[in-house]
>>> print(open('protein31.txt').read())   # compact mmCIF, C-alpha atoms and all ligand atoms
# COMPACT_ATOMS: atom_id res chain seq x y z
CA MET A 188 -1.99 17.45 -36.02
CA SER A 189 -4.94 16.99 -38.34
CA ASP A 190 -8.27 16.01 -36.81
CA HIS A 191 -7.67 12.49 -38.06
CA GLU A 192 -4.23 12.31 -36.39
CA VAL A 193 -5.76 13.61 -33.16
CA ALA A 194 -8.43 10.90 -33.24
CA VAL A 195 -5.84 8.20 -33.91
CA TYR A 196 -3.53 9.49 -31.14
CA ARG A 197 -6.36 9.66 -28.59
CA GLY A 198 -7.51 6.18 -29.58
CA ARG A 199 -4.01 4.75 -29.22
CA MET A 200 -3.46 6.40 -25.84
CA ASP A 201 -6.95 5.53 -24.56
CA ILE A 202 -7.82 9.22 -24.05
CA THR A 203 -11.46 10.29 -23.96
CA VAL A 204 -12.33 13.98 -23.88
CA GLU A 205 -15.50 15.94 -23.22
CA GLY A 206 -16.25 19.67 -23.27
CA ILE A 207 -16.49 22.66 -25.56
CA ASP A 208 -13.49 23.63 -27.76
CA VAL A 209 -11.22 20.87 -26.50
CA PRO A 210 -7.62 21.60 -27.57
CA LYS A 211 -5.52 19.05 -29.43
CA PRO A 212 -3.06 17.01 -27.40
CA VAL A 213 0.70 17.63 -27.49
CA ARG A 214 2.89 14.71 -28.47
CA MET A 215 6.21 16.22 -27.40
CA PHE A 216 7.29 18.24 -24.38
CA HIS A 217 8.40 21.30 -26.32
CA GLU A 218 4.96 21.61 -27.96
CA ALA A 219 3.35 22.46 -24.62
CA GLY A 220 5.06 25.87 -24.39
CA PHE A 221 6.59 25.48 -20.93
CA PRO A 222 9.50 27.70 -19.86
CA GLY A 223 13.02 26.50 -20.73
CA TYR A 224 13.90 25.49 -17.17
CA CYS A 225 10.97 23.04 -17.10
CA LEU A 226 12.17 21.41 -20.32
CA GLU A 227 15.68 21.17 -18.89
CA VAL A 228 14.45 19.45 -15.73
CA ILE A 229 12.30 17.09 -17.82
CA SER A 230 15.28 16.12 -19.93
CA ARG A 231 17.49 15.70 -16.83
CA LEU A 232 14.86 13.39 -15.33
CA GLY A 233 15.12 11.30 -18.51
CA PHE A 234 11.45 11.57 -19.49
CA ILE A 235 11.01 10.64 -23.13
CA GLU A 236 7.50 11.80 -23.94
CA PRO A 237 4.45 13.18 -22.16
CA THR A 238 2.20 10.56 -20.58
CA PRO A 239 -1.35 10.49 -22.03
CA ILE A 240 -2.77 12.58 -19.18
CA GLN A 241 -0.04 15.17 -19.70
CA ALA A 242 -0.40 15.14 -23.49
CA GLN A 243 -4.08 16.03 -23.23
CA GLY A 244 -4.21 17.69 -19.80
CA TRP A 245 -1.50 20.31 -20.40
CA PRO A 246 -3.09 22.10 -23.36
CA MET A 247 -6.43 22.04 -21.51
CA ALA A 248 -5.02 23.48 -18.27
CA LEU A 249 -2.95 26.05 -20.16
CA LYS A 250 -6.15 27.43 -21.70
CA GLY A 251 -7.05 28.64 -18.22
CA ARG A 252 -10.22 26.55 -18.16
CA ASP A 253 -11.52 24.26 -15.43
CA LEU A 254 -10.63 20.63 -15.81
CA ILE A 255 -11.80 17.26 -14.58
CA GLY A 256 -9.09 14.64 -14.93
CA ILE A 257 -9.73 10.96 -14.36
CA ALA A 258 -6.55 8.99 -14.42
CA GLU A 259 -4.84 6.19 -12.54
CA THR A 260 -2.19 6.93 -9.97
CA GLY A 261 1.23 6.67 -11.56
CA SER A 262 -0.06 8.19 -14.77
CA GLY A 263 1.98 11.37 -14.37
CA LYS A 264 -0.99 13.42 -13.23
CA THR A 265 0.94 15.46 -10.66
CA LEU A 266 2.96 17.18 -13.38
CA SER A 267 -0.24 17.51 -15.45
CA TYR A 268 -1.36 20.18 -13.03
CA LEU A 269 1.94 21.37 -11.56
CA LEU A 270 3.66 22.56 -14.73
CA PRO A 271 0.63 24.65 -15.82
CA ALA A 272 0.60 25.94 -12.22
CA PHE A 273 4.15 27.27 -12.68
CA VAL A 274 3.10 29.01 -15.90
CA HIS A 275 0.08 30.44 -14.09
CA VAL A 276 2.18 31.79 -11.20
CA ALA A 277 4.70 33.37 -13.57
CA ALA A 278 1.85 35.32 -15.19
CA GLN A 279 0.61 36.84 -11.89
CA PRO A 280 1.89 39.94 -10.10
CA PRO A 281 4.54 38.94 -7.51
CA LEU A 282 3.44 38.32 -3.94
CA VAL A 283 3.66 41.22 -1.52
CA GLN A 284 3.92 41.13 2.28
CA GLY A 285 0.80 39.50 3.72
CA ASP A 286 -0.25 37.77 0.52
CA GLY A 287 -1.25 34.12 0.64
CA PRO A 288 -0.50 31.60 -2.12
CA ILE A 289 -1.51 31.84 -5.79
CA VAL A 290 -1.82 28.07 -6.20
CA LEU A 291 -3.51 25.79 -3.70
CA VAL A 292 -3.32 22.01 -4.04
CA LEU A 293 -5.56 20.03 -1.68
CA ALA A 294 -4.63 16.40 -1.09
CA PRO A 295 -6.19 13.76 1.17
CA THR A 296 -3.12 12.55 3.05
CA ARG A 297 0.12 13.91 4.30
CA GLU A 298 2.00 11.22 2.36
CA LEU A 299 0.50 12.33 -0.95
CA ALA A 300 1.00 16.02 -0.11
CA VAL A 301 4.69 15.38 0.54
CA GLN A 302 5.07 13.52 -2.74
CA ILE A 303 3.42 16.36 -4.63
CA GLN A 304 5.77 18.82 -3.02
CA GLN A 305 8.77 16.70 -3.93
CA GLU A 306 7.60 16.79 -7.54
CA ALA A 307 7.10 20.58 -7.29
CA GLY A 308 10.55 20.91 -5.71
CA LYS A 309 12.26 19.31 -8.71
CA PHE A 310 11.01 22.17 -10.86
CA GLY A 311 10.53 24.96 -8.35
CA SER A 312 14.19 24.96 -7.32
CA HIS A 313 15.01 26.22 -10.83
CA SER A 314 12.58 29.13 -10.65
CA ARG A 315 11.67 31.71 -8.04
CA ILE A 316 8.51 29.84 -7.25
CA ARG A 317 8.32 28.69 -3.66
CA SER A 318 6.12 25.89 -2.38
CA THR A 319 5.35 24.47 1.01
CA CYS A 320 3.46 21.54 2.43
CA ILE A 321 0.88 22.06 5.18
CA TYR A 322 -0.27 18.88 6.90
CA GLY A 323 -1.43 17.73 10.29
CA GLY A 324 0.52 15.72 12.81
CA ALA A 325 3.77 17.63 12.34
CA PRO A 326 4.91 20.69 14.32
CA LYS A 327 3.28 23.90 13.18
CA GLY A 328 6.29 26.16 13.70
CA PRO A 329 8.22 25.47 10.48
CA GLN A 330 4.99 25.49 8.45
CA ILE A 331 4.01 28.87 9.91
CA ARG A 332 7.47 30.26 9.14
CA ASP A 333 7.16 29.14 5.50
CA LEU A 334 3.73 30.74 5.24
CA GLN A 335 4.91 33.98 6.78
CA SER A 336 7.88 34.30 4.48
CA GLY A 337 5.50 33.94 1.50
CA VAL A 338 4.91 30.97 -0.80
CA GLU A 339 3.37 30.89 -4.25
CA ILE A 340 2.20 27.28 -3.94
CA ILE A 341 0.64 25.57 -0.93
CA ILE A 342 0.09 21.84 -0.96
CA GLY A 343 -2.07 20.96 1.99
CA THR A 344 -4.36 18.52 3.68
CA PRO A 345 -7.73 20.11 4.53
CA GLY A 346 -7.68 19.99 8.36
CA ARG A 347 -4.30 21.63 8.98
CA LEU A 348 -4.92 24.19 6.27
CA ILE A 349 -8.12 25.28 8.02
CA ASP A 350 -6.17 25.59 11.30
CA MET A 351 -3.68 27.86 9.55
CA LEU A 352 -6.43 29.95 8.00
CA GLU A 353 -8.28 30.31 11.29
CA ALA A 354 -5.10 31.38 13.05
CA GLN A 355 -4.54 33.86 10.17
CA HIS A 356 -1.13 32.49 9.28
CA THR A 357 -2.21 32.62 5.66
CA ASN A 358 -5.20 33.56 3.53
CA LEU A 359 -6.63 32.44 0.23
CA ARG A 360 -7.37 35.87 -1.27
CA ARG A 361 -4.75 35.49 -3.98
CA VAL A 362 -5.59 31.92 -4.95
CA THR A 363 -6.48 31.80 -8.65
CA TYR A 364 -5.43 28.20 -9.38
CA LEU A 365 -6.98 25.48 -7.25
CA VAL A 366 -6.25 21.77 -7.52
CA LEU A 367 -8.19 19.01 -5.76
CA ASP A 368 -6.10 15.88 -6.03
CA GLU A 369 -7.66 12.47 -5.39
CA ALA A 370 -11.07 14.05 -4.83
CA ASP A 371 -12.64 10.60 -4.56
CA ARG A 372 -10.39 9.72 -1.69
CA MET A 373 -10.96 13.05 0.08
CA LEU A 374 -14.70 12.34 -0.01
CA ASP A 375 -14.15 8.77 1.23
CA MET A 376 -12.23 10.22 4.15
CA GLY A 377 -15.08 12.58 5.01
CA PHE A 378 -13.35 15.83 4.04
CA GLU A 379 -16.30 17.31 2.17
CA PRO A 380 -17.23 19.91 4.84
CA GLN A 381 -13.60 21.04 5.09
CA ILE A 382 -13.27 21.26 1.32
CA ARG A 383 -16.41 23.40 1.16
CA LYS A 384 -15.12 25.66 3.90
CA ILE A 385 -11.79 26.15 2.13
CA ILE A 386 -13.29 26.73 -1.31
CA SER A 387 -15.75 29.27 0.11
CA GLN A 388 -12.74 31.48 0.84
CA ILE A 389 -11.42 31.38 -2.72
CA ARG A 390 -12.56 33.80 -5.40
CA PRO A 391 -15.08 32.18 -7.76
CA ASP A 392 -13.27 33.23 -10.95
CA ARG A 393 -10.36 30.94 -10.12
CA GLN A 394 -9.20 28.08 -12.36
CA THR A 395 -10.07 24.74 -10.78
CA LEU A 396 -8.53 21.37 -11.63
CA TYR A 397 -10.32 18.41 -10.16
CA TRP A 398 -8.61 15.01 -10.14
CA SER A 399 -9.99 11.66 -9.27
CA ALA A 400 -9.15 8.04 -9.97
CA THR A 401 -12.82 7.10 -10.05
CA TRP A 402 -16.05 8.86 -10.96
CA PRO A 403 -18.84 7.86 -8.57
CA LYS A 404 -21.95 10.05 -8.17
CA GLU A 405 -20.71 11.92 -5.08
CA VAL A 406 -17.47 12.92 -6.80
CA GLU A 407 -19.39 14.11 -9.84
CA SER A 408 -21.84 16.10 -7.75
CA LEU A 409 -19.05 17.92 -5.91
CA ALA A 410 -17.38 18.67 -9.24
CA ARG A 411 -20.57 20.17 -10.58
CA GLN A 412 -20.71 22.59 -7.66
CA PHE A 413 -17.14 23.83 -7.87
CA LEU A 414 -16.31 23.84 -11.56
CA CYS A 415 -17.38 26.11 -14.35
CA ASN A 416 -17.64 24.86 -17.95
CA PRO A 417 -14.93 22.24 -17.41
CA TYR A 418 -13.10 20.08 -19.86
CA LYS A 419 -13.08 16.45 -18.92
CA VAL A 420 -10.31 14.05 -19.78
CA ILE A 421 -10.43 10.36 -19.00
CA ILE A 422 -7.49 8.05 -19.39
CA GLY A 423 -8.62 4.45 -19.75
CA SER A 424 -12.05 3.56 -18.47
CA PRO A 425 -13.65 5.64 -15.69
CA VAL A 426 -15.00 2.48 -14.06
CA LEU A 427 -11.61 0.80 -13.83
CA LYS A 428 -9.62 1.82 -10.81
CA ALA A 429 -6.68 -0.58 -10.86
CA ASN A 430 -3.54 0.08 -12.83
CA GLN A 431 -3.52 -2.29 -15.80
CA SER A 432 0.19 -2.95 -15.50
CA ILE A 433 -0.23 -4.56 -12.07
CA ASN A 434 -0.69 -8.32 -11.97
CA GLN A 435 -3.46 -9.06 -9.50
CA ILE A 436 -4.05 -12.50 -8.03
CA ILE A 437 -7.10 -12.90 -5.85
CA GLU A 438 -7.61 -15.78 -3.47
CA VAL A 439 -10.75 -16.18 -1.42
CA VAL A 440 -10.05 -17.75 1.97
CA THR A 441 -11.85 -17.91 5.30
CA ASP A 442 -10.76 -15.74 8.22
CA VAL A 443 -9.14 -18.65 10.04
CA GLU A 444 -7.08 -19.61 6.99
CA LYS A 445 -5.87 -16.09 6.32
CA TYR A 446 -2.86 -15.82 8.57
CA ASN A 447 -1.37 -19.18 7.58
CA ARG A 448 -1.88 -18.35 3.93
CA LEU A 449 -0.10 -15.05 4.51
CA ILE A 450 2.88 -16.82 6.06
CA ASN A 451 3.05 -19.27 3.15
CA LEU A 452 2.93 -16.40 0.68
CA LEU A 453 5.70 -14.60 2.54
CA LYS A 454 7.82 -17.75 2.43
CA GLU A 455 7.25 -18.01 -1.33
CA MET A 456 7.82 -14.36 -2.03
CA MET A 457 10.54 -13.22 0.31
CA ASP A 458 13.27 -12.78 -2.30
CA GLY A 459 14.57 -9.42 -1.08
CA SER A 460 11.77 -7.38 -2.66
CA ARG A 461 9.59 -5.22 -0.47
CA ILE A 462 6.18 -6.46 0.56
CA LEU A 463 3.27 -4.27 1.60
CA ILE A 464 0.42 -5.98 3.42
CA PHE A 465 -2.84 -4.08 3.50
CA VAL A 466 -5.14 -4.66 6.43
CA GLU A 467 -8.63 -3.23 6.65
CA THR A 468 -8.58 -1.85 10.19
CA LYS A 469 -5.97 -0.19 12.40
CA LYS A 470 -6.55 -2.81 15.09
CA GLY A 471 -6.14 -5.62 12.58
CA CYS A 472 -3.00 -3.97 11.32
CA ASP A 473 -1.50 -3.97 14.83
CA GLN A 474 -2.54 -7.59 15.42
CA VAL A 475 -1.03 -8.88 12.18
CA THR A 476 2.17 -6.95 12.79
CA ARG A 477 2.53 -8.26 16.32
CA GLN A 478 1.90 -11.84 15.22
CA LEU A 479 4.35 -11.55 12.32
CA ARG A 480 7.05 -10.21 14.60
CA MET A 481 6.46 -13.00 17.11
CA ASP A 482 6.80 -15.48 14.27
CA GLY A 483 10.12 -13.99 13.22
CA TRP A 484 9.00 -11.73 10.34
CA PRO A 485 10.30 -8.23 11.12
CA ALA A 486 7.29 -6.25 9.94
CA LEU A 487 6.67 -2.56 10.61
CA SER A 488 3.26 -0.97 10.43
CA ILE A 489 1.71 2.31 9.44
CA HIS A 490 -1.82 3.55 10.07
CA GLY A 491 -3.76 6.61 11.10
CA ASP A 492 -3.32 6.17 14.86
CA LYS A 493 0.48 6.21 14.67
CA SER A 494 2.24 9.49 15.28
CA GLN A 495 3.48 11.34 12.22
CA ASP A 496 7.06 10.82 13.35
CA GLU A 497 6.56 7.09 13.47
CA ARG A 498 4.73 7.06 10.12
CA ASP A 499 7.60 8.99 8.56
CA TRP A 500 10.20 6.71 10.05
CA VAL A 501 8.40 3.50 9.04
CA LEU A 502 7.84 4.76 5.51
CA ALA A 503 11.50 5.75 5.19
CA GLU A 504 12.65 2.33 6.46
CA PHE A 505 10.37 0.63 3.97
CA LYS A 506 11.13 2.85 1.00
CA SER A 507 14.87 2.53 1.51
CA GLY A 508 14.58 -1.27 1.76
CA ARG A 509 16.01 -1.40 5.30
CA SER A 510 12.75 -3.00 6.35
CA LEU A 511 11.15 -5.28 3.76
CA ILE A 512 7.70 -5.91 5.20
CA MET A 513 5.20 -3.18 6.00
CA THR A 514 1.60 -3.64 7.08
CA ALA A 515 -0.72 -0.73 6.47
CA THR A 516 -4.26 0.50 6.34
CA ASP A 517 -5.22 2.59 3.35
CA VAL A 518 -3.15 5.58 4.56
CA ALA A 519 -0.50 4.00 2.35
CA ALA A 520 -2.86 3.07 -0.46
CA ARG A 521 -1.23 5.08 -3.20
CA GLY A 522 2.07 6.13 -4.57
CA LEU A 523 4.69 3.99 -2.86
CA GLY A 524 6.43 2.83 -6.03
CA ARG A 525 7.25 -0.74 -7.06
CA ILE A 526 6.35 -3.22 -4.38
CA THR A 527 4.52 -6.48 -3.92
CA VAL A 528 1.12 -5.92 -2.33
CA LEU A 529 -0.74 -8.49 -0.27
CA GLY A 530 -4.19 -7.28 0.65
CA SER A 531 -6.84 -8.48 3.01
CA PHE A 532 -9.50 -5.92 2.26
CA ASN A 533 -12.97 -7.28 2.07
CA PRO A 534 -14.07 -6.04 -1.36
CA TYR A 535 -17.73 -6.14 -0.35
P1 LIG A 601 2.21 10.61 -10.64
O1 LIG A 601 1.16 9.85 -11.41
O2 LIG A 601 2.06 12.06 -10.81
O3 LIG A 601 2.30 10.17 -9.21
O4 LIG A 601 3.64 10.28 -11.31
C1 LIG A 601 4.27 9.04 -11.23
C2 LIG A 601 5.77 9.14 -11.53
O5 LIG A 601 5.99 9.32 -12.94
C3 LIG A 601 6.50 10.29 -10.85
O6 LIG A 601 7.67 9.79 -10.27
C4 LIG A 601 6.86 11.23 -11.99
O7 LIG A 601 8.07 11.92 -11.76
C5 LIG A 601 6.98 10.29 -13.17
N1 LIG A 601 6.65 10.96 -14.44
C6 LIG A 601 5.84 12.01 -14.62
N2 LIG A 601 5.76 12.34 -15.94
C7 LIG A 601 6.55 11.47 -16.60
C8 LIG A 601 6.88 11.31 -17.99
N3 LIG A 601 6.38 12.09 -18.94
N4 LIG A 601 7.73 10.31 -18.32
C9 LIG A 601 8.24 9.49 -17.35
N5 LIG A 601 7.96 9.59 -16.02
C10 LIG A 601 7.12 10.57 -15.65
>>> encode(input="protein31.txt", output="structure tokens")
Amino acid sequence: MSDHEVAVYRGRMDITVEGIDVPKPVRMFHEAGFPGYCLEVISRLGFIEPTPIQAQGWPMALKGRDLIGIAETGSGKTLSYLLPAFVHVAAQPPLVQGDGPIVLVLAPTRELAVQIQQEAGKFGSHSRIRSTCIYGGAPKGPQIRDLQSGVEIIIGTPGRLIDMLEAQHTNLRRVTYLVLDEADRMLDMGFEPQIRKIISQIRPDRQTLYWSATWPKEVESLARQFLCNPYKVIIGSPVLKANQSINQIIEVVTDVEKYNRLINLLKEMMDGSRILIFVETKKGCDQVTRQLRMDGWPALSIHGDKSQDERDWVLAEFKSGRSLIMTATDVAARGLGRITVLGSFNPY
């Protein structure tokens, strides 16, 4: 691509870049230089072209440089860092007994970590690259077994990973590719001390990829401490958080009107599609669910005080469409696919 074509492409895709020696984007999958098995999986999945974050993020990550990526959820960002991670692993000496992972992906919630691993699994099953998911609330035994048998990629939530490190079930001495996914959300959830503790165990000459949907001051300040001469790529506007393809209707109602309005909306909308109702607090979530059930709406709920087994079960019921209404706190805020969302967050 000529410089002019690059400028036109970035303009059309709403890509903004910052940094020294930024590489040109790739417009087609084969231009990125991924191994054949990756291209085969991509074609089997029916993907037609790289998403904007992939088009610009892949050549950046494949340069081995640090990267800040600001992109909406659903933009294809997981593969933006996972496919370069596979290339990175393939270029390292194989693991030997006692080695920890080469790639570490930190994610805020167990739900996101599982989704990332599913994405990794689609590609990893065609290579020798093994990945595992380390998250709290589930039995440690199977996770420890995975770690002991050796995995190239760990996708983990901070708390459980620290438990595993402290119990010496794994170590981070071989990590040379570190991903922080949804850094903004990890900070919102108060994970900063854990993130610092984990990163302090990783060699400083690693490659770090730092992802966030938003770019507030705290997120930027953490990035500045952990990244070295990074590229930055922004898809869309850094101040806009919502996905543009989602139709949002906002109604302002008083607290007393809320429940009746919810019931009316359910009556209007219940056409067999799934409906996710966000509630600000766990207690509120339980109250709304109980009331809905008493009124004949078979809602299930998911929030941080529920056991992992129950969260898994509820999510599976909802995702499969066996249960059409789910109430949730922000544990379910991202990545559930196509659903109608009714929220009652107070935006202020
Ligand atoms: P993510 O933003 O990473 O959560 O990805 C959202 C969804 O888009 C996932 O189901 C991906 O498998 C899918 N996806 C990723 N890249 C592409 C692509 N280039 N074309 C179509 N779908 C994609």
>>> residues_around(input="protein31.txt", residues="Ile489 of chain A", least_positions_apart="3", cutoff="10 Å", atoms="only C-alpha atoms", output="number ranges by chain")
A: 465, 469, 472-473, 476, 492-495, 497-502, 513-519
>>> residues_around(input="protein31.txt", residues="Ile386 of chain A", least_positions_apart="6", cutoff="9 Å", atoms="all atoms listed in the file", output="VMD selection string")
chain A and resid 359 365 413
>>> write_last_selection(input="protein31.txt", atoms="C-alpha atoms", output="mmCIF file, in the frame of the given file")
data_model
loop_
_atom_site.group_PDB
_atom_site.id
_atom_site.type_symbol
_atom_site.label_atom_id
_atom_site.label_comp_id
_atom_site.auth_asym_id
_atom_site.auth_seq_id
_atom_site.Cartn_x
_atom_site.Cartn_y
_atom_site.Cartn_z
ATOM 1 C CA LEU A 359 -6.630 32.440 0.230
ATOM 2 C CA LEU A 365 -6.980 25.480 -7.250
ATOM 3 C CA PHE A 413 -17.140 23.830 -7.870
#
>>> closest_atom_pairs(input="protein31.txt", of="chain A", to="ligand LIG 601 (chain A)", cutoff="10 Å", atoms="all atoms listed in the file", output="JSON lines")
{"residue": "A:Met215", "atom": "CA", "partner": "A:LIG601", "partner_atom": "N3", "distance": 9.4}
{"residue": "A:Phe216", "atom": "CA", "partner": "A:LIG601", "partner_atom": "N3", "distance": 8.3}
{"residue": "A:Ile229", "atom": "CA", "partner": "A:LIG601", "partner_atom": "N3", "distance": 7.8}
{"residue": "A:Ser230", "atom": "CA", "partner": "A:LIG601", "partner_atom": "N4", "distance": 9.7}
{"residue": "A:Leu232", "atom": "CA", "partner": "A:LIG601", "partner_atom": "O7", "distance": 7.8}
{"residue": "A:Gly233", "atom": "CA", "partner": "A:LIG601", "partner_atom": "C9", "distance": 7.2}
{"residue": "A:Phe234", "atom": "CA", "partner": "A:LIG601", "partner_atom": "N4", "distance": 4.1}
{"residue": "A:Ile235", "atom": "CA", "partner": "A:LIG601", "partner_atom": "N4", "distance": 5.8}
{"residue": "A:Glu236", "atom": "CA", "partner": "A:LIG601", "partner_atom": "N3", "distance": 5.1}
{"residue": "A:Pro237", "atom": "CA", "partner": "A:LIG601", "partner_atom": "N3", "distance": 3.9}
{"residue": "A:Thr238", "atom": "CA", "partner": "A:LIG601", "partner_atom": "N3", "distance": 4.7}
{"residue": "A:Pro239", "atom": "CA", "partner": "A:LIG601", "partner_atom": "N3", "distance": 8.5}
{"residue": "A:Ile240", "atom": "CA", "partner": "A:LIG601", "partner_atom": "O1", "distance": 9.1}
{"residue": "A:Gln241", "atom": "CA", "partner": "A:LIG601", "partner_atom": "N3", "distance": 7.2}
{"residue": "A:Ala242", "atom": "CA", "partner": "A:LIG601", "partner_atom": "N3", "distance": 8.7}
{"residue": "A:Ala258", "atom": "CA", "partner": "A:LIG601", "partner_atom": "O1", "distance": 8.3}
{"residue": "A:Glu259", "atom": "CA", "partner": "A:LIG601", "partner_atom": "O1", "distance": 7.1}
{"residue": "A:Thr260", "atom": "CA", "partner": "A:LIG601", "partner_atom": "O1", "distance": 4.7}
{"residue": "A:Gly261", "atom": "CA", "partner": "A:LIG601", "partner_atom": "O1", "distance": 3.2}
{"residue": "A:Ser262", "atom": "CA", "partner": "A:LIG601", "partner_atom": "O1", "distance": 3.9}
{"residue": "A:Gly263", "atom": "CA", "partner": "A:LIG601", "partner_atom": "O1", "distance": 3.4}
{"residue": "A:Lys264", "atom": "CA", "partner": "A:LIG601", "partner_atom": "O2", "distance": 4.1}
{"residue": "A:Thr265", "atom": "CA", "partner": "A:LIG601", "partner_atom": "O2", "distance": 3.6}
{"residue": "A:Leu266", "atom": "CA", "partner": "A:LIG601", "partner_atom": "O2", "distance": 5.8}
{"residue": "A:Ser267", "atom": "CA", "partner": "A:LIG601", "partner_atom": "O2", "distance": 7.5}
{"residue": "A:Tyr268", "atom": "CA", "partner": "A:LIG601", "partner_atom": "O2", "distance": 9.1}
{"residue": "A:Leu269", "atom": "CA", "partner": "A:LIG601", "partner_atom": "O2", "distance": 9.3}
{"residue": "A:Leu299", "atom": "CA", "partner": "A:LIG601", "partner_atom": "O3", "distance": 8.7}
{"residue": "A:Gln302", "atom": "CA", "partner": "A:LIG601", "partner_atom": "O3", "distance": 7.8}
{"residue": "A:Ile303", "atom": "CA", "partner": "A:LIG601", "partner_atom": "O2", "distance": 7.7}
{"residue": "A:Gln305", "atom": "CA", "partner": "A:LIG601", "partner_atom": "O7", "distance": 9.2}
{"residue": "A:Glu306", "atom": "CA", "partner": "A:LIG601", "partner_atom": "O7", "distance": 6.5}
{"residue": "A:Ala307", "atom": "CA", "partner": "A:LIG601", "partner_atom": "O7", "distance": 9.8}
{"residue": "A:Lys309", "atom": "CA", "partner": "A:LIG601", "partner_atom": "O7", "distance": 9.0}
{"residue": "A:Arg521", "atom": "CA", "partner": "A:LIG601", "partner_atom": "O3", "distance": 8.6}
{"residue": "A:Gly522", "atom": "CA", "partner": "A:LIG601", "partner_atom": "O3", "distance": 6.2}
{"residue": "A:Leu523", "atom": "CA", "partner": "A:LIG601", "partner_atom": "O3", "distance": 9.2}
{"residue": "A:Gly524", "atom": "CA", "partner": "A:LIG601", "partner_atom": "O6", "distance": 8.2}
>>> closest_residue(input="protein31.txt", among="A:Cys225, A:Ile450, A:Ile464, A:Leu487", to="Ser312 of chain A", atoms="all atoms listed in the file")
A:Cys225
>>> residues_around(input="protein31.txt", residues="Ala370 of chain A", least_positions_apart="2", cutoff="7 Å", atoms="all atoms listed in the file", output="tab-separated table (two decimals) with C-alpha atoms, in the coordinates of the input")
chain	number	residue	atom	x	y	z
A	367	LEU	CA	-8.19	19.01	-5.76
A	368	ASP	CA	-6.10	15.88	-6.03
A	372	ARG	CA	-10.39	9.72	-1.69
A	373	MET	CA	-10.96	13.05	0.08
A	374	LEU	CA	-14.70	12.34	-0.01
A	397	TYR	CA	-10.32	18.41	-10.16
A	398	TRP	CA	-8.61	15.01	-10.14
A	399	SER	CA	-9.99	11.66	-9.27
A	406	VAL	CA	-17.47	12.92	-6.80
>>> residues_around(input="protein31.txt", residues="Met188 of chain A", least_positions_apart="5", cutoff="9 Å", atoms="all atoms listed in the file", output="list of chain:residue names")
A:Val193, A:Lys211, A:Pro212, A:Val213
>>> closest_residue(input="protein31.txt", among="A:His356, A:Arg315, A:Asn434, A:Asp208", to="Pro329 of chain A", atoms="all atoms listed in the file")
A:His356
>>> residues_around(input="protein31.txt", residues="Ile421 of chain A", least_positions_apart="5", cutoff="7 Å", atoms="only C-alpha atoms", output="number ranges by chain")
A: 202-204, 256-258
>>> closest_residue(input="protein31.txt", among="A:Gly508, A:Leu452, A:Ser189, A:Ser488", to="Val466 of chain A", atoms="all atoms listed in the file")
A:Ser488
>>> atom_distance(input="protein31.txt", atom1="atom CA of Ile382 of chain A", atom2="atom CA of Gln304 of chain A")
19.7 Å
>>> atom_distance(input="protein31.txt", atom1="atom CA of Arg411 of chain A", atom2="atom CA of Gln243 of chain A")
21.2 Å
>>> atom_distance(input="protein31.txt", atom1="atom CA of Lys384 of chain A", atom2="atom CA of Ile349 of chain A")
8.1 Å
>>> closest_residue(input="protein31.txt", among="A:Gln381, A:Thr395, A:Thr296, A:Gln335", to="Ala248 of chain A", atoms="all atoms listed in the file")
A:Thr395
>>> closest_residue(input="protein31.txt", among="A:Phe505, A:Trp402, A:Tyr418, A:Tyr322", to="Leu348 of chain A", atoms="all atoms listed in the file")
A:Tyr322
>>> build_atoms(input="protein31.txt", residues="segment 499-505 of chain A", atoms="N, CA, C and O atoms", output="PDB file, in the coordinates of the input")
ATOM      1  N   ASP A 499       6.475   8.557   9.406  1.00  0.00           N
ATOM      2  CA  ASP A 499       7.600   8.990   8.560  1.00  0.00           C
ATOM      3  C   ASP A 499       8.753   7.996   8.614  1.00  0.00           C
ATOM      4  O   ASP A 499       9.331   7.639   7.611  1.00  0.00           O
ATOM      5  N   TRP A 500       9.051   7.585   9.856  1.00  0.00           N
ATOM      6  CA  TRP A 500      10.200   6.710  10.050  1.00  0.00           C
ATOM      7  C   TRP A 500       9.950   5.363   9.382  1.00  0.00           C
ATOM      8  O   TRP A 500      10.784   4.856   8.633  1.00  0.00           O
ATOM      9  N   VAL A 501       8.736   4.808   9.611  1.00  0.00           N
ATOM     10  CA  VAL A 501       8.400   3.500   9.040  1.00  0.00           C
ATOM     11  C   VAL A 501       8.454   3.567   7.516  1.00  0.00           C
ATOM     12  O   VAL A 501       9.039   2.715   6.852  1.00  0.00           O
ATOM     13  N   LEU A 502       7.871   4.622   6.970  1.00  0.00           N
ATOM     14  CA  LEU A 502       7.840   4.760   5.510  1.00  0.00           C
ATOM     15  C   LEU A 502       9.268   4.856   4.951  1.00  0.00           C
ATOM     16  O   LEU A 502       9.587   4.250   3.932  1.00  0.00           O
ATOM     17  N   ALA A 503      10.121   5.597   5.663  1.00  0.00           N
ATOM     18  CA  ALA A 503      11.500   5.750   5.190  1.00  0.00           C
ATOM     19  C   ALA A 503      12.237   4.418   5.252  1.00  0.00           C
ATOM     20  O   ALA A 503      12.971   4.050   4.338  1.00  0.00           O
ATOM     21  N   GLU A 504      12.013   3.651   6.335  1.00  0.00           N
ATOM     22  CA  GLU A 504      12.650   2.330   6.460  1.00  0.00           C
ATOM     23  C   GLU A 504      12.221   1.434   5.310  1.00  0.00           C
ATOM     24  O   GLU A 504      13.002   0.699   4.734  1.00  0.00           O
ATOM     25  N   PHE A 505      10.932   1.500   5.005  1.00  0.00           N
ATOM     26  CA  PHE A 505      10.370   0.630   3.970  1.00  0.00           C
ATOM     27  C   PHE A 505      10.845   1.066   2.584  1.00  0.00           C
ATOM     28  O   PHE A 505      11.287   0.262   1.773  1.00  0.00           O
TER      29      PHE A 505
END
